[in-house]
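Heads up, coords.cif below (mmCIF, C-alpha atoms):
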```cif
data_data
#
loop_
_atom_site.label_atom_id
_atom_site.label_comp_id
_atom_site.auth_asym_id
_atom_site.auth_seq_id
_atom_site.Cartn_x
_atom_site.Cartn_y
_atom_site.Cartn_z
CA MET A 741 3.06 -23.35 23.75
CA LYS A 742 6.63 -23.71 22.52
CA GLU A 743 8.18 -22.60 25.82
CA ILE A 744 6.69 -25.61 27.65
CA GLU A 745 8.78 -28.76 27.39
CA HIS A 746 6.46 -31.70 27.98
CA PHE A 747 3.39 -32.72 25.99
CA TYR A 748 0.82 -35.48 25.88
CA PHE A 749 -1.49 -37.37 23.54
CA GLY A 750 -4.68 -38.67 25.09
CA HIS A 751 -6.61 -36.80 27.78
CA ASN A 752 -4.39 -35.32 30.50
CA GLN A 753 -6.65 -36.20 33.42
CA GLY A 754 -4.84 -38.94 35.30
CA LEU A 755 -5.48 -41.64 32.71
CA ASP A 756 -2.64 -44.08 32.12
CA ASN A 757 -3.54 -45.06 28.56
CA GLY A 758 -2.13 -41.97 26.83
CA PHE A 759 1.33 -40.85 25.69
CA ARG A 760 3.40 -38.67 28.05
CA SER A 761 6.61 -37.20 26.61
CA MET A 762 8.36 -37.16 30.00
CA ASN A 763 8.14 -40.96 30.08
CA TYR A 764 10.20 -41.21 26.89
CA GLY A 765 12.85 -38.51 27.26
CA ILE A 766 11.16 -36.32 24.64
CA ILE A 767 10.72 -32.54 24.89
CA ASN A 768 8.75 -29.95 22.94
CA CYS A 769 11.49 -27.59 21.78
CA THR A 770 12.61 -24.84 19.40
CA ILE A 771 15.67 -25.26 17.21
CA GLY A 772 17.77 -22.14 16.64
CA GLY A 773 17.89 -18.81 18.42
CA GLY A 774 15.99 -15.56 18.24
CA MET A 775 12.27 -14.93 18.68
CA VAL A 776 9.78 -17.81 18.86
CA GLU A 777 6.94 -17.92 16.34
CA GLU A 778 3.54 -19.11 17.67
CA ASN A 779 -0.01 -19.46 16.40
CA TYR A 780 -2.05 -16.53 17.75
CA ILE A 781 -5.59 -16.89 16.44
CA PRO A 782 -6.98 -19.05 13.58
CA SER A 783 -6.47 -17.97 9.98
CA ARG A 784 -9.55 -16.57 8.26
CA GLU A 785 -10.84 -16.57 4.68
CA ILE A 786 -13.28 -13.97 3.37
CA ARG A 787 -15.95 -15.24 0.99
CA GLU A 788 -17.17 -12.60 -1.45
CA THR A 789 -18.42 -12.17 -5.01
CA TYR A 790 -17.29 -9.64 -7.63
CA ILE A 791 -19.80 -8.30 -10.15
CA ARG A 792 -18.63 -6.95 -13.49
CA GLY A 793 -18.35 -3.17 -13.38
CA ASN A 794 -18.37 -2.97 -9.59
CA PRO A 795 -14.93 -2.91 -7.93
CA LYS A 796 -16.48 -3.39 -4.49
CA PRO A 797 -17.18 -7.09 -3.83
CA TYR A 798 -20.33 -8.40 -2.15
CA PHE A 799 -19.45 -9.84 1.22
CA HIS A 800 -20.88 -13.28 2.12
CA SER A 801 -19.00 -14.51 5.18
CA ALA A 802 -15.65 -14.73 6.94
CA ASP A 803 -14.76 -18.36 7.62
CA LEU A 804 -12.22 -19.44 10.22
CA LYS A 805 -9.98 -22.39 9.39
CA PRO A 806 -8.65 -25.20 11.59
CA VAL A 807 -5.23 -24.47 13.03
CA GLU A 808 -1.93 -26.06 11.97
CA LEU A 809 0.62 -26.45 14.77
CA LYS A 810 4.21 -26.63 13.51
CA LEU A 811 6.18 -28.34 16.28
CA THR A 812 9.59 -29.82 17.01
CA PHE A 813 9.99 -32.79 19.35
CA GLY A 814 13.52 -33.43 20.62
CA PHE A 815 14.75 -36.87 21.73
CA GLU A 816 17.36 -37.47 24.39
CA ASN A 817 17.71 -41.03 23.13
CA PHE A 818 15.66 -43.01 20.61
CA HIS A 819 16.72 -46.16 22.44
CA THR A 820 15.09 -45.90 25.89
CA GLY A 821 15.47 -49.52 27.06
CA PHE A 822 18.04 -52.25 27.43
CA THR A 823 16.56 -55.06 25.35
CA PRO A 824 16.22 -55.53 21.55
CA ASP A 825 12.44 -55.04 21.91
CA ASP A 826 13.03 -51.53 23.25
CA ARG A 827 14.97 -50.40 20.19
CA ASN A 828 13.59 -47.04 18.99
CA ARG A 829 10.75 -47.38 21.50
CA ALA A 830 10.23 -43.60 21.84
CA LEU A 831 9.99 -43.14 18.07
CA ARG A 832 7.67 -46.11 17.62
CA ASP A 833 5.28 -45.27 20.45
CA LEU A 834 5.04 -41.64 19.30
CA SER A 835 4.40 -42.77 15.71
CA ARG A 836 1.45 -44.91 16.85
CA TRP A 837 -0.30 -41.79 18.14
CA LEU A 838 0.65 -39.64 15.17
CA THR A 839 -0.69 -42.14 12.61
CA LYS A 840 -4.12 -42.83 14.12
CA ASP A 841 -6.93 -42.30 11.60
CA TYR A 842 -8.91 -39.96 13.87
CA TYR A 843 -8.29 -36.71 15.76
CA VAL A 844 -6.57 -37.42 19.07
CA PRO A 845 -6.32 -35.17 22.17
CA PHE A 846 -3.06 -33.22 22.37
CA GLY A 847 -1.70 -30.62 24.76
CA VAL A 848 1.35 -29.39 26.62
CA ALA A 849 1.86 -29.91 30.35
CA GLY A 850 0.90 -26.93 32.50
CA SER A 851 -1.38 -25.34 29.89
CA ASP A 852 -5.15 -25.06 30.30
CA LYS A 853 -5.62 -25.54 26.55
CA MET A 854 -5.78 -28.71 24.47
CA PHE A 855 -6.54 -29.63 20.86
CA TYR A 856 -7.81 -32.56 18.83
CA VAL A 857 -5.14 -33.16 16.20
CA MET A 858 -4.08 -35.30 13.29
CA TYR A 859 -0.60 -35.40 11.73
CA VAL A 860 -0.47 -34.02 8.16
CA GLY A 861 2.17 -33.54 5.47
CA GLU A 862 5.74 -34.72 5.74
CA SER A 863 7.91 -35.26 8.81
CA GLU A 864 11.64 -34.82 9.18
CA LEU A 865 13.85 -36.79 11.58
CA ILE A 866 17.17 -35.01 12.13
CA HIS A 867 19.70 -36.85 14.30
CA ASN A 868 23.40 -37.28 15.06
CA ALA A 869 23.59 -41.01 14.20
CA ASN A 870 23.84 -41.68 17.94
CA SER A 871 20.11 -41.98 18.77
CA GLN A 872 19.78 -38.25 19.58
CA GLY A 873 17.91 -35.70 17.52
CA TYR A 874 14.52 -34.19 16.81
CA VAL A 875 11.40 -34.54 14.67
CA GLU A 876 9.73 -31.65 12.83
CA LEU A 877 6.08 -32.13 11.97
CA THR A 878 2.71 -30.42 11.54
CA LEU A 879 -0.42 -31.25 13.54
CA ARG A 880 -3.75 -30.11 12.10
CA THR A 881 -6.57 -29.43 14.55
CA ASN A 882 -10.20 -30.42 14.03
CA ALA A 883 -11.53 -26.90 14.60
CA PRO A 884 -10.45 -23.23 14.55
CA TRP A 885 -10.16 -23.00 18.34
CA ALA A 886 -8.50 -24.49 21.40
CA TYR A 887 -10.41 -26.48 24.02
CA SER A 888 -10.25 -26.64 27.78
CA GLU A 889 -9.85 -30.06 29.36
CA ILE A 890 -13.15 -31.92 29.76
CA LYS A 891 -15.14 -30.56 32.71
CA THR A 892 -18.06 -32.11 34.56
CA LYS A 893 -20.68 -30.60 36.87
CA GLU A 894 -23.36 -32.51 38.76
CA PHE A 895 -26.46 -31.14 40.49
CA THR A 896 -29.38 -32.44 42.57
CA PHE A 897 -32.70 -30.58 42.65
CA ASP A 898 -36.10 -30.47 44.30
CA PRO A 899 -38.17 -31.31 41.20
CA THR A 900 -41.35 -29.76 42.60
CA VAL A 901 -39.96 -26.21 42.36
CA GLN A 902 -37.83 -24.17 40.00
CA SER A 903 -34.11 -24.42 40.77
CA GLU A 904 -31.46 -21.91 39.81
CA ILE A 905 -27.77 -22.49 39.12
CA HIS A 906 -25.04 -20.05 38.13
CA PHE A 907 -22.68 -21.03 35.34
CA GLU A 908 -19.66 -19.10 34.05
CA ASN A 909 -18.47 -19.79 30.52
CA ILE A 910 -14.92 -18.39 30.37
CA GLY A 911 -14.44 -19.31 26.70
CA ASP A 912 -14.96 -17.26 23.52
CA LEU A 913 -17.80 -19.42 22.16
CA PRO A 914 -21.08 -20.83 23.50
CA ILE A 915 -20.95 -24.21 25.23
CA GLU A 916 -23.14 -27.01 23.87
CA PRO A 917 -22.84 -29.55 26.68
CA GLU A 918 -23.64 -33.22 26.97
CA LEU A 919 -26.48 -33.69 29.47
CA TRP A 920 -27.71 -36.59 31.58
CA PHE A 921 -30.84 -36.00 33.66
CA LYS A 922 -33.45 -38.02 35.52
CA VAL A 923 -37.18 -37.38 35.75
CA PRO A 924 -38.52 -37.64 39.34
CA PHE A 925 -40.91 -40.33 40.54
CA SER A 926 -44.44 -39.22 39.66
CA SER A 927 -47.72 -40.70 38.52
CA ASP A 928 -48.14 -37.83 36.06
CA VAL A 929 -46.54 -37.37 32.66
CA ALA A 930 -43.47 -35.21 33.29
CA ASP A 931 -42.31 -32.01 31.62
CA VAL A 932 -38.70 -30.80 31.82
CA SER A 933 -37.46 -27.29 31.05
CA ILE A 934 -34.16 -25.40 31.12
CA VAL A 935 -34.07 -21.62 30.60
CA ILE A 936 -30.88 -19.54 30.38
CA ASN A 937 -30.84 -15.88 31.49
CA ASN A 938 -34.65 -15.76 31.44
CA ASN A 939 -34.62 -16.16 27.65
CA THR A 940 -37.95 -17.97 27.30
CA ASP A 941 -37.80 -17.55 23.50
CA ASN A 942 -35.07 -20.20 23.44
CA ILE A 943 -36.24 -22.65 26.09
CA PHE A 944 -34.91 -26.23 26.18
CA LYS A 945 -37.96 -28.40 26.86
CA PHE A 946 -39.18 -32.00 26.92
CA GLU A 947 -42.83 -32.94 27.35
CA GLY A 948 -44.44 -36.24 28.25
CA LEU A 949 -41.47 -38.09 29.78
CA LEU A 950 -42.06 -41.07 32.06
CA SER A 951 -41.57 -41.26 35.81
CA GLN A 952 -37.90 -42.07 36.63
CA GLU A 953 -36.91 -41.89 32.97
CA GLU A 954 -33.26 -41.09 32.30
CA ILE A 955 -32.38 -38.94 29.28
CA TYR A 956 -29.05 -38.28 27.53
CA VAL A 957 -28.68 -35.28 25.17
CA HIS A 958 -25.59 -34.39 23.13
CA ASN A 959 -26.45 -30.80 22.21
CA GLU A 960 -23.61 -30.25 19.73
CA MET A 961 -24.34 -33.48 17.84
CA LYS A 962 -28.13 -33.04 18.29
CA TYR A 963 -28.51 -36.55 19.63
CA ILE A 964 -31.14 -37.72 22.16
CA GLU A 965 -31.42 -41.08 23.90
CA SER A 966 -33.76 -42.46 26.54
CA ILE A 967 -31.31 -44.55 28.57
CA ASN A 968 -33.71 -46.80 30.49
CA THR A 969 -36.70 -46.98 28.12
CA PRO A 970 -37.07 -47.96 24.44
CA ASN A 971 -38.86 -44.70 23.63
CA TYR A 972 -37.89 -42.37 20.79
CA ARG A 973 -37.82 -38.90 22.40
CA TYR A 974 -37.17 -36.50 19.52
CA ASP A 975 -40.92 -35.98 19.17
CA ASN A 976 -41.10 -35.01 22.85
CA PHE A 977 -38.42 -32.32 22.44
CA ASN A 978 -39.00 -28.73 21.23
CA ASN A 979 -35.78 -28.84 19.12
CA ASN A 980 -34.08 -25.98 20.99
CA TYR A 981 -30.76 -27.59 21.94
CA LEU A 982 -28.98 -26.08 24.93
CA SER A 983 -26.33 -23.45 24.18
CA ILE A 984 -24.73 -21.58 27.08
CA PRO A 985 -23.40 -18.09 26.14
CA THR A 986 -20.02 -16.73 27.18
CA GLY A 987 -19.78 -14.97 30.52
CA ASN A 988 -21.92 -15.37 33.64
CA ASN A 989 -25.25 -17.15 33.20
CA THR A 990 -28.25 -17.93 35.35
CA ILE A 991 -29.88 -21.24 34.45
CA VAL A 992 -33.40 -22.05 35.70
CA ILE A 993 -34.33 -25.74 35.77
CA GLN A 994 -37.64 -27.45 36.45
CA GLY A 995 -38.83 -31.05 36.46
CA ILE A 996 -35.43 -32.70 36.95
CA GLU A 997 -34.26 -34.77 39.91
CA ASN A 998 -30.57 -34.64 39.05
CA LEU A 999 -28.42 -33.28 36.24
CA LYS A 1000 -24.91 -34.02 34.95
CA MET A 1001 -23.19 -31.68 32.48
CA LYS A 1002 -20.04 -32.57 30.55
CA TYR A 1003 -18.41 -29.87 28.41
CA GLN A 1004 -15.29 -28.14 27.11
CA GLU A 1005 -14.85 -24.40 26.85
CA ARG A 1006 -13.49 -23.09 23.55
CA THR A 1007 -11.19 -20.15 22.89
CA TYR A 1008 -9.84 -18.51 19.73
CA LEU A 1009 -6.54 -17.71 21.46
CA ILE A 1010 -4.26 -20.57 20.38
CA TYR A 1011 -1.07 -19.47 22.19
#
```
So that I can check it, write out the structure of this file as structure tokens.
Amino acid sequence: MKEIEHFYFGHNQGLDNGFRSMNYGIINCTIGGGMVEENYIPSREIRETYIRGNPKPYFHSADLKPVELKLTFGFENFHTGFTPDDRNRALRDLSRWLTKDYYVPFGVAGSDKMFYVMYVGESELIHNANSQGYVELTLRTNAPWAYSEIKTKEFTFDPTVQSEIHFENIGDLPIEPELWFKVPFSSDVADVSIVINNNTDNIFKFEGLLSQEEIYVHNEMKYIESINTPNYRYDNFNNNYLSIPTGNNTIVIQGIENLKMKYQERTYLIY
């Protein structure tokens, strides 16, 4: 991460409402020579209990911790404009993103990884009294892994037969996607099912949906909404939220006219 100069806050997918370091004359840099230190994988804490008289502890779990990214941002010139309103514009615009009270998207240009971060601890501004210098700070992530950029897949099916799609999860953890799907036109009460790798013990299933009903499911947050009806659909769901394992998967779908999946892959490799 530290060998790549430019970074961004906000999603790096062509949106113009984020922060791009190249627009401000700021670079992601390393001060000093020698080897560069990087985060490799998240730190881990072992939870265990000692019993009197037994030197061997009882193991409970090994918990991963959110990552802290220690970074240095170098400024070509704090003053990037030619009017009084532009004074310290680069510093001020960067500070607005760093001081938000929620985790914001962050990444470096050219990398397939991103994080959701919040500034923590103290910051140091070191400069030459001529509007040139650098800021040292720590960004804490919201989870012990890196994310891919947001990805979207859309499918159309013949709802009268089983349809099969192939899905590769290249991350280190299962994907719990957001789903939007539409029930086909029918006079009968509709059932919807999704089965991964023929694992019928963990089938994702709705029963008794209406003709042309549109459903939204956030599998990670365990949230369900009927978009175009006032119906409460938790009682129609079998409570097996969709989780797509790592590697190559075969997904069998029935009872759906179209499907949209929105997701991010997750990896333990932070570098």
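Residues of protein, DNA and RNA with at least one atom no farther than 8 Å from (-22.2, -34.4, 36.8) are, using all atoms listed in the file, A:Thr892, A:Lys893, A:Glu894, A:Phe895, A:Trp920, A:Leu999, A:Lys1000, A:Met1001, A:Lys1002.
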Hits of the PyMOL selection byres ((chain A and resi 981-998) around 8) in this structure, as a PyMOL selection string: chain A and resi 894-917+921-924+930-938+944+959-960+962+979-980+999-1000
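Atom CA of A:Lys805 to atom CA of A:Glu778 spans 16.2 Å [interatomic distance, one decimal].
Take the candidates A:Pro884, A:Glu788, A:Asn939, A:Leu919 and check each one against A:Ser966 using all atoms listed in the file; the shortest distance goes to A:Leu919.
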For the PyMOL selection byres ((chain A and resi 850) around 10), applied here, can you spell out every residue it catches as a VMD selection string? chain A and resid 741 744 to 747 847 to 849 851 to 853
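With atom CA of A:Cys769 on one side and atom CA of A:Val875 on the other, the separation reads 9.9 Å.
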Would you translate the PyMOL selection byres ((chain A and resi 974) around 9) into the concrete set of residues it matches in this file, as a ChimeraX atom specification? /A:946,963-965,972-973,975-979
Near A:Asp841, within 12 Å and counting all atoms listed in the file, which residues show up once chain neighbours fewer than 2 positions away are dropped, as a VMD selection string? chain A and resid 836 to 839 843 to 844 857 to 860
Keeping C-alpha atoms for every residue in the selection just given, could you write it to a file as a compact mmCIF listing (two decimals), keeping the file's coordinate frame?
```txt
# COMPACT_ATOMS: atom_id res chain seq x y z
CA ARG A 836 1.45 -44.91 16.85
CA TRP A 837 -0.30 -41.79 18.14
CA LEU A 838 0.65 -39.64 15.17
CA THR A 839 -0.69 -42.14 12.61
CA TYR A 843 -8.29 -36.71 15.76
CA VAL A 844 -6.57 -37.42 19.07
CA VAL A 857 -5.14 -33.16 16.20
CA MET A 858 -4.08 -35.30 13.29
CA TYR A 859 -0.60 -35.40 11.73
CA VAL A 860 -0.47 -34.02 8.16
```
note - atom CA of A:Asn971 and atom CA of A:Ser926 are separated by 17.8 Å
With all atoms listed in the file as the basis for distance, which of A:Asn779, A:Thr881, A:Asn870, A:Asn817 is at the shortest distance from A:Leu831? A:Asn817
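Closest to A:Ile767 among A:Phe813, A:Tyr748, A:Phe799, A:Tyr790 is A:Phe813, based on all atoms listed in the file.
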The residues within 9 Å of (5.8, -31.3, 9.8), using only C-alpha atoms and the coordinates of the file, should be reported as JSON, numbers by chain; which are they? {"A": [809, 810, 811, 812, 859, 860, 861, 862, 863, 864, 875, 876, 877, 878, 879]}
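For the choices A:Asn968, A:Asn828, A:Ser951, A:Ser783, the atom-to-atom distance to A:Asp803 is smallest for A:Ser783 when using all atoms listed in the file.
With only C-alpha atoms as the atoms that count, the residue of A:Arg784, A:Arg832, A:His867, A:His751 with the shortest distance to A:Tyr764 is A:Arg832.
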